[in-house]
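Below is one structure, written out as structure tokens; comments come after it.
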Amino acid sequence: MRILALALLMILFCGCMEQPQEVAENNQSGTSPHRENISTLQAPAPVDSGMGCEYGNPGCGDEYECRGNRCVLKQGCEFSYPRCPRGYSCENNSCIFIQDEGHPGCYYDDSLCGDREFCVNNNCVESAIKEHPGCGFNEVLVEGECTDASYTIHFVSNGLTSEEFDELVGNSVAAFVYHTPLVKCPEKLRVHKSFQPCREGNSFLAGGTENVTVYLYNRSETFTECSIASHHLVSISVEDMETAAATSVHELGHSLGLWDQYCYWPVPENPNPVDFEKAGCSLLEEGDCMFSYCSNPDRLPEGTAPHKCIGNSNYLGGVTVMGLRADPSRVYSSHPKFGFTESGYEYVAEKITCN
């Protein structure tokens, strides 16, 4: 099945690889709830103030280092991100590929993972979904007390079987946690699931505030028309269970503020712009299915020609999660080279902390 999917992938790449997902937000203030400056970085202090980490006031702690008088999350496998996939070793704080023919990993053999495990970056990882009895919608149970969740995701299904829904949610959450600071505190993530909520009506109001709702649908025989109202909604058409988890991580990246990297948008507002010289960019012509999207006047400076790009390389040499579906490393969350770029991870780390 994976070989067939890859064959179709390369055929599609000659035309239009990926239609942008529709994102709808219901926010009374009229502004995006995920663009506020929720940062773990401390603002640089004036040189003569005696304030800031260069002066030890405040200090940064073990997981941060002092750069430009501000505390920045340490990067590299010695500090748990990136966690090196199977087939890689951590050497000098970098993931280095090693030959390991005897243990190919779950990307190559999906029978290696157990019932409560999911294949992420060629490694079998345990389910990251925890139970939080007695806590509010956006709360988690930590050491016997309900406290604010670092992030809340509400998954809603339509047209999937309950088994498909559970599998896809578990896989999506495992991959998302693996590639965010939540890998150090999975108990701080709150996950809700609503299976086929529109069976008895054509609308559904997702609960909670300050959270994202992921609408997973397949226009199968059990699909019903459904209008979903949510604080922040992303919709994913599930055509292939093997690739849908990677799409979920991509859309969750959007929910945190990251932009697509399959368009060239060189504006200061872009938190993760492509490197034009290295991201495989090509000029778009009118009539191309991505021409209108990449020509967004709010993102493309006047006088700049629209370009389609593959995307920057991530920390393992694959195509970034936010890039074009032009390579297996972008399409499958189980691929050994799946992941965000380092700058993309740093941006996510500003939004999600274990504090």
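Residue numbering restarts at 1 for every chain of the structure tokens, chains are lettered A, B, ... in their displayed order, and ligands are numbered from 1 as they appear.
The environment of Ile236 in chain A within 10 Å, counting only C-alpha atoms and disregarding residues fewer than 3 places along the same chain, consists of Gln21, Glu22, Val23, Ser157, Val214, Tyr215, Leu216, Tyr217, Asn218, Glu239, Ala244, Ala245, Thr247, Ser248 and Glu251 of chain A.
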Restricting the output to N, CA and C atoms, write the selected residues as a tab-separated table (two decimals), in the first residue's frame.
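Final output, saved to result09.tsv:
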chain	number	residue	atom	x	y	z
A	21	GLN	N	-5.27	23.14	3.12
A	21	GLN	CA	-6.42	22.78	3.93
A	21	GLN	C	-7.20	24.04	4.30
A	22	GLU	N	-8.52	23.91	4.30
A	22	GLU	CA	-9.35	25.02	4.73
A	22	GLU	C	-9.29	25.12	6.25
A	23	VAL	N	-9.09	26.32	6.75
A	23	VAL	CA	-9.04	26.54	8.19
A	23	VAL	C	-10.08	27.59	8.55
A	157	SER	N	-14.74	13.08	14.55
A	157	SER	CA	-14.73	12.21	13.37
A	157	SER	C	-16.04	12.30	12.61
A	214	VAL	N	-9.70	19.32	15.70
A	214	VAL	CA	-9.25	18.67	14.47
A	214	VAL	C	-10.40	17.81	13.96
A	215	TYR	N	-10.95	18.19	12.82
A	215	TYR	CA	-12.09	17.50	12.22
A	215	TYR	C	-11.57	16.50	11.18
A	216	LEU	N	-11.68	15.22	11.47
A	216	LEU	CA	-11.21	14.15	10.60
A	216	LEU	C	-12.42	13.54	9.89
A	217	TYR	N	-12.45	13.63	8.57
A	217	TYR	CA	-13.62	13.12	7.87
A	217	TYR	C	-13.24	12.30	6.64
A	218	ASN	N	-14.10	11.38	6.30
A	218	ASN	CA	-13.97	10.56	5.11
A	218	ASN	C	-15.37	10.43	4.52
A	239	GLU	N	-8.05	10.40	3.33
A	239	GLU	CA	-8.11	9.51	2.18
A	239	GLU	C	-7.23	8.29	2.37
A	244	ALA	N	-2.40	10.22	7.01
A	244	ALA	CA	-3.23	11.23	7.68
A	244	ALA	C	-2.59	11.77	8.96
A	245	ALA	N	-1.80	10.96	9.68
A	245	ALA	CA	-1.18	11.44	10.91
A	245	ALA	C	-0.19	12.57	10.62
A	247	THR	N	-0.41	14.65	8.16
A	247	THR	CA	-1.24	15.82	7.86
A	247	THR	C	-1.75	16.45	9.15
A	248	SER	N	-2.11	15.63	10.13
A	248	SER	CA	-2.56	16.17	11.42
A	248	SER	C	-1.48	17.01	12.07
A	251	GLU	N	-1.23	20.31	10.28
A	251	GLU	CA	-2.31	21.23	10.63
A	251	GLU	C	-2.19	21.74	12.07
Using 10 Å as the limit and counting only C-alpha atoms, can you tabulate each residue of range 148-202 of chain A that touches range 329-338 of chain A, with its shortest atom-to-atom distance in Å and the two atoms involved, as a tab-separated table?
residue	atom	partner	partner_atom	distance
A:Asn171	CA	A:Ser333	CA	8.5
A:Ser172	CA	A:Ser333	CA	8.3
A:Ala174	CA	A:Ser333	CA	9.5
A:Ala175	CA	A:Ser333	CA	6.4
A:Phe176	CA	A:Ser333	CA	9.2
A:His179	CA	A:Phe338	CA	9.2
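Near Tyr264 in chain A, within 7 Å and counting only C-alpha atoms, sit A:Tyr262, A:Pro266, A:Val274, A:Pro306, A:His307, A:Lys308, A:Cys309, not including residues fewer than 2 positions from it in the same chain.
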Point to revise | Pick from A:Cys60, A:Val156, A:Cys294, A:Cys66, whichever lies nearest to Ser230 in chain A using only C-alpha atoms | key: A:Val156
Review point. What lies within 10 Å of range 196-206 of chain A using only C-alpha atoms, ignoring chain neighbours under 5 positions off, as number ranges by chain?
Key: A: 154-162, 165, 211-213, 216-217, 222-233
Include N, CA and C atoms and write out the residues we just selected as an mmCIF file, in the first residue's frame.
data_model
loop_
_atom_site.group_PDB
_atom_site.id
_atom_site.type_symbol
_atom_site.label_atom_id
_atom_site.label_comp_id
_atom_site.auth_asym_id
_atom_site.auth_seq_id
_atom_site.Cartn_x
_atom_site.Cartn_y
_atom_site.Cartn_z
ATOM 1 N N HIS A 154 -9.071 18.722 20.473
ATOM 2 C CA HIS A 154 -10.355 18.023 20.418
ATOM 3 C C HIS A 154 -10.500 17.400 19.026
ATOM 4 N N PHE A 155 -10.466 16.079 18.939
ATOM 5 C CA PHE A 155 -10.617 15.375 17.672
ATOM 6 C C PHE A 155 -12.084 15.012 17.457
ATOM 7 N N VAL A 156 -12.584 15.277 16.265
ATOM 8 C CA VAL A 156 -13.964 14.978 15.901
ATOM 9 C C VAL A 156 -13.943 14.151 14.614
ATOM 10 N N SER A 157 -14.743 13.082 14.552
ATOM 11 C CA SER A 157 -14.735 12.213 13.373
ATOM 12 C C SER A 157 -16.041 12.302 12.606
ATOM 13 N N ASN A 158 -15.954 11.940 11.324
ATOM 14 C CA ASN A 158 -17.136 11.840 10.466
ATOM 15 C C ASN A 158 -16.789 10.897 9.308
ATOM 16 N N GLY A 159 -17.491 9.772 9.225
ATOM 17 C CA GLY A 159 -17.272 8.837 8.136
ATOM 18 C C GLY A 159 -16.174 7.820 8.386
ATOM 19 N N LEU A 160 -15.541 7.865 9.565
ATOM 20 C CA LEU A 160 -14.534 6.871 9.941
ATOM 21 C C LEU A 160 -15.164 5.832 10.858
ATOM 22 N N THR A 161 -14.623 4.623 10.867
ATOM 23 C CA THR A 161 -15.050 3.652 11.864
ATOM 24 C C THR A 161 -14.424 4.029 13.199
ATOM 25 N N SER A 162 -14.951 3.511 14.289
ATOM 26 C CA SER A 162 -14.392 3.826 15.606
ATOM 27 C C SER A 162 -12.955 3.344 15.708
ATOM 28 N N PHE A 165 -10.784 5.801 13.761
ATOM 29 C CA PHE A 165 -10.693 7.058 14.509
ATOM 30 C C PHE A 165 -9.706 6.930 15.659
ATOM 31 N N ASN A 211 -8.426 26.204 22.577
ATOM 32 C CA ASN A 211 -7.963 24.890 22.138
ATOM 33 C C ASN A 211 -8.236 24.753 20.647
ATOM 34 N N VAL A 212 -7.689 23.709 20.030
ATOM 35 C CA VAL A 212 -7.890 23.471 18.610
ATOM 36 C C VAL A 212 -8.759 22.230 18.423
ATOM 37 N N THR A 213 -9.677 22.290 17.451
ATOM 38 C CA THR A 213 -10.498 21.146 17.091
ATOM 39 C C THR A 213 -10.010 20.609 15.750
ATOM 40 N N LEU A 216 -11.680 15.215 11.475
ATOM 41 C CA LEU A 216 -11.211 14.152 10.600
ATOM 42 C C LEU A 216 -12.416 13.540 9.887
ATOM 43 N N TYR A 217 -12.448 13.630 8.569
ATOM 44 C CA TYR A 217 -13.624 13.119 7.867
ATOM 45 C C TYR A 217 -13.235 12.302 6.636
ATOM 46 N N THR A 222 -20.930 6.213 5.787
ATOM 47 C CA THR A 222 -21.391 6.686 7.098
ATOM 48 C C THR A 222 -21.204 8.190 7.276
ATOM 49 N N PHE A 223 -20.696 8.880 6.246
ATOM 50 C CA PHE A 223 -20.500 10.328 6.335
ATOM 51 C C PHE A 223 -21.852 11.033 6.346
ATOM 52 N N THR A 224 -22.000 12.026 7.211
ATOM 53 C CA THR A 224 -23.207 12.855 7.255
ATOM 54 C C THR A 224 -22.796 14.322 7.200
ATOM 55 N N GLU A 225 -23.620 15.139 6.589
ATOM 56 C CA GLU A 225 -23.316 16.569 6.534
ATOM 57 C C GLU A 225 -23.234 17.106 7.958
ATOM 58 N N CYS A 226 -22.193 17.889 8.226
ATOM 59 C CA CYS A 226 -21.956 18.305 9.604
ATOM 60 C C CYS A 226 -21.314 19.688 9.621
ATOM 61 N N SER A 227 -21.909 20.602 10.350
ATOM 62 C CA SER A 227 -21.364 21.938 10.544
ATOM 63 C C SER A 227 -20.799 22.011 11.966
ATOM 64 N N ILE A 228 -19.515 22.309 12.066
ATOM 65 C CA ILE A 228 -18.853 22.303 13.372
ATOM 66 C C ILE A 228 -18.454 23.723 13.759
ATOM 67 N N ALA A 229 -18.836 24.129 14.933
ATOM 68 C CA ALA A 229 -18.429 25.429 15.482
ATOM 69 C C ALA A 229 -17.367 25.171 16.544
ATOM 70 N N SER A 230 -16.269 25.917 16.465
ATOM 71 C CA SER A 230 -15.150 25.690 17.380
ATOM 72 C C SER A 230 -14.358 26.972 17.561
ATOM 73 N N HIS A 231 -13.633 27.027 18.669
ATOM 74 C CA HIS A 231 -12.724 28.148 18.922
ATOM 75 C C HIS A 231 -11.693 28.254 17.800
ATOM 76 N N HIS A 232 -11.148 27.131 17.362
ATOM 77 C CA HIS A 232 -10.176 27.096 16.259
ATOM 78 C C HIS A 232 -10.317 25.730 15.600
ATOM 79 N N LEU A 233 -10.687 25.715 14.327
ATOM 80 C CA LEU A 233 -11.020 24.468 13.640
ATOM 81 C C LEU A 233 -10.108 24.227 12.448
#
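When the distance limit is 9 Å and only C-alpha atoms are what count, the residues near His254 in chain A, minus those fewer than 5 positions from it on the same chain, are Val234, Val249, Trp259, Asp260 and Met322 of chain A.
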C-alpha atoms of the current selection, written as a compact mmCIF listing (two decimals), in the first residue's frame:
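part_16.txt was written with the following content:
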# COMPACT_ATOMS: atom_id res chain seq x y z
CA VAL A 234 -8.87 22.58 11.13
CA VAL A 249 0.87 17.28 12.67
CA TRP A 259 2.93 28.97 7.85
CA ASP A 260 3.04 26.59 4.89
CA MET A 322 5.22 22.34 6.89
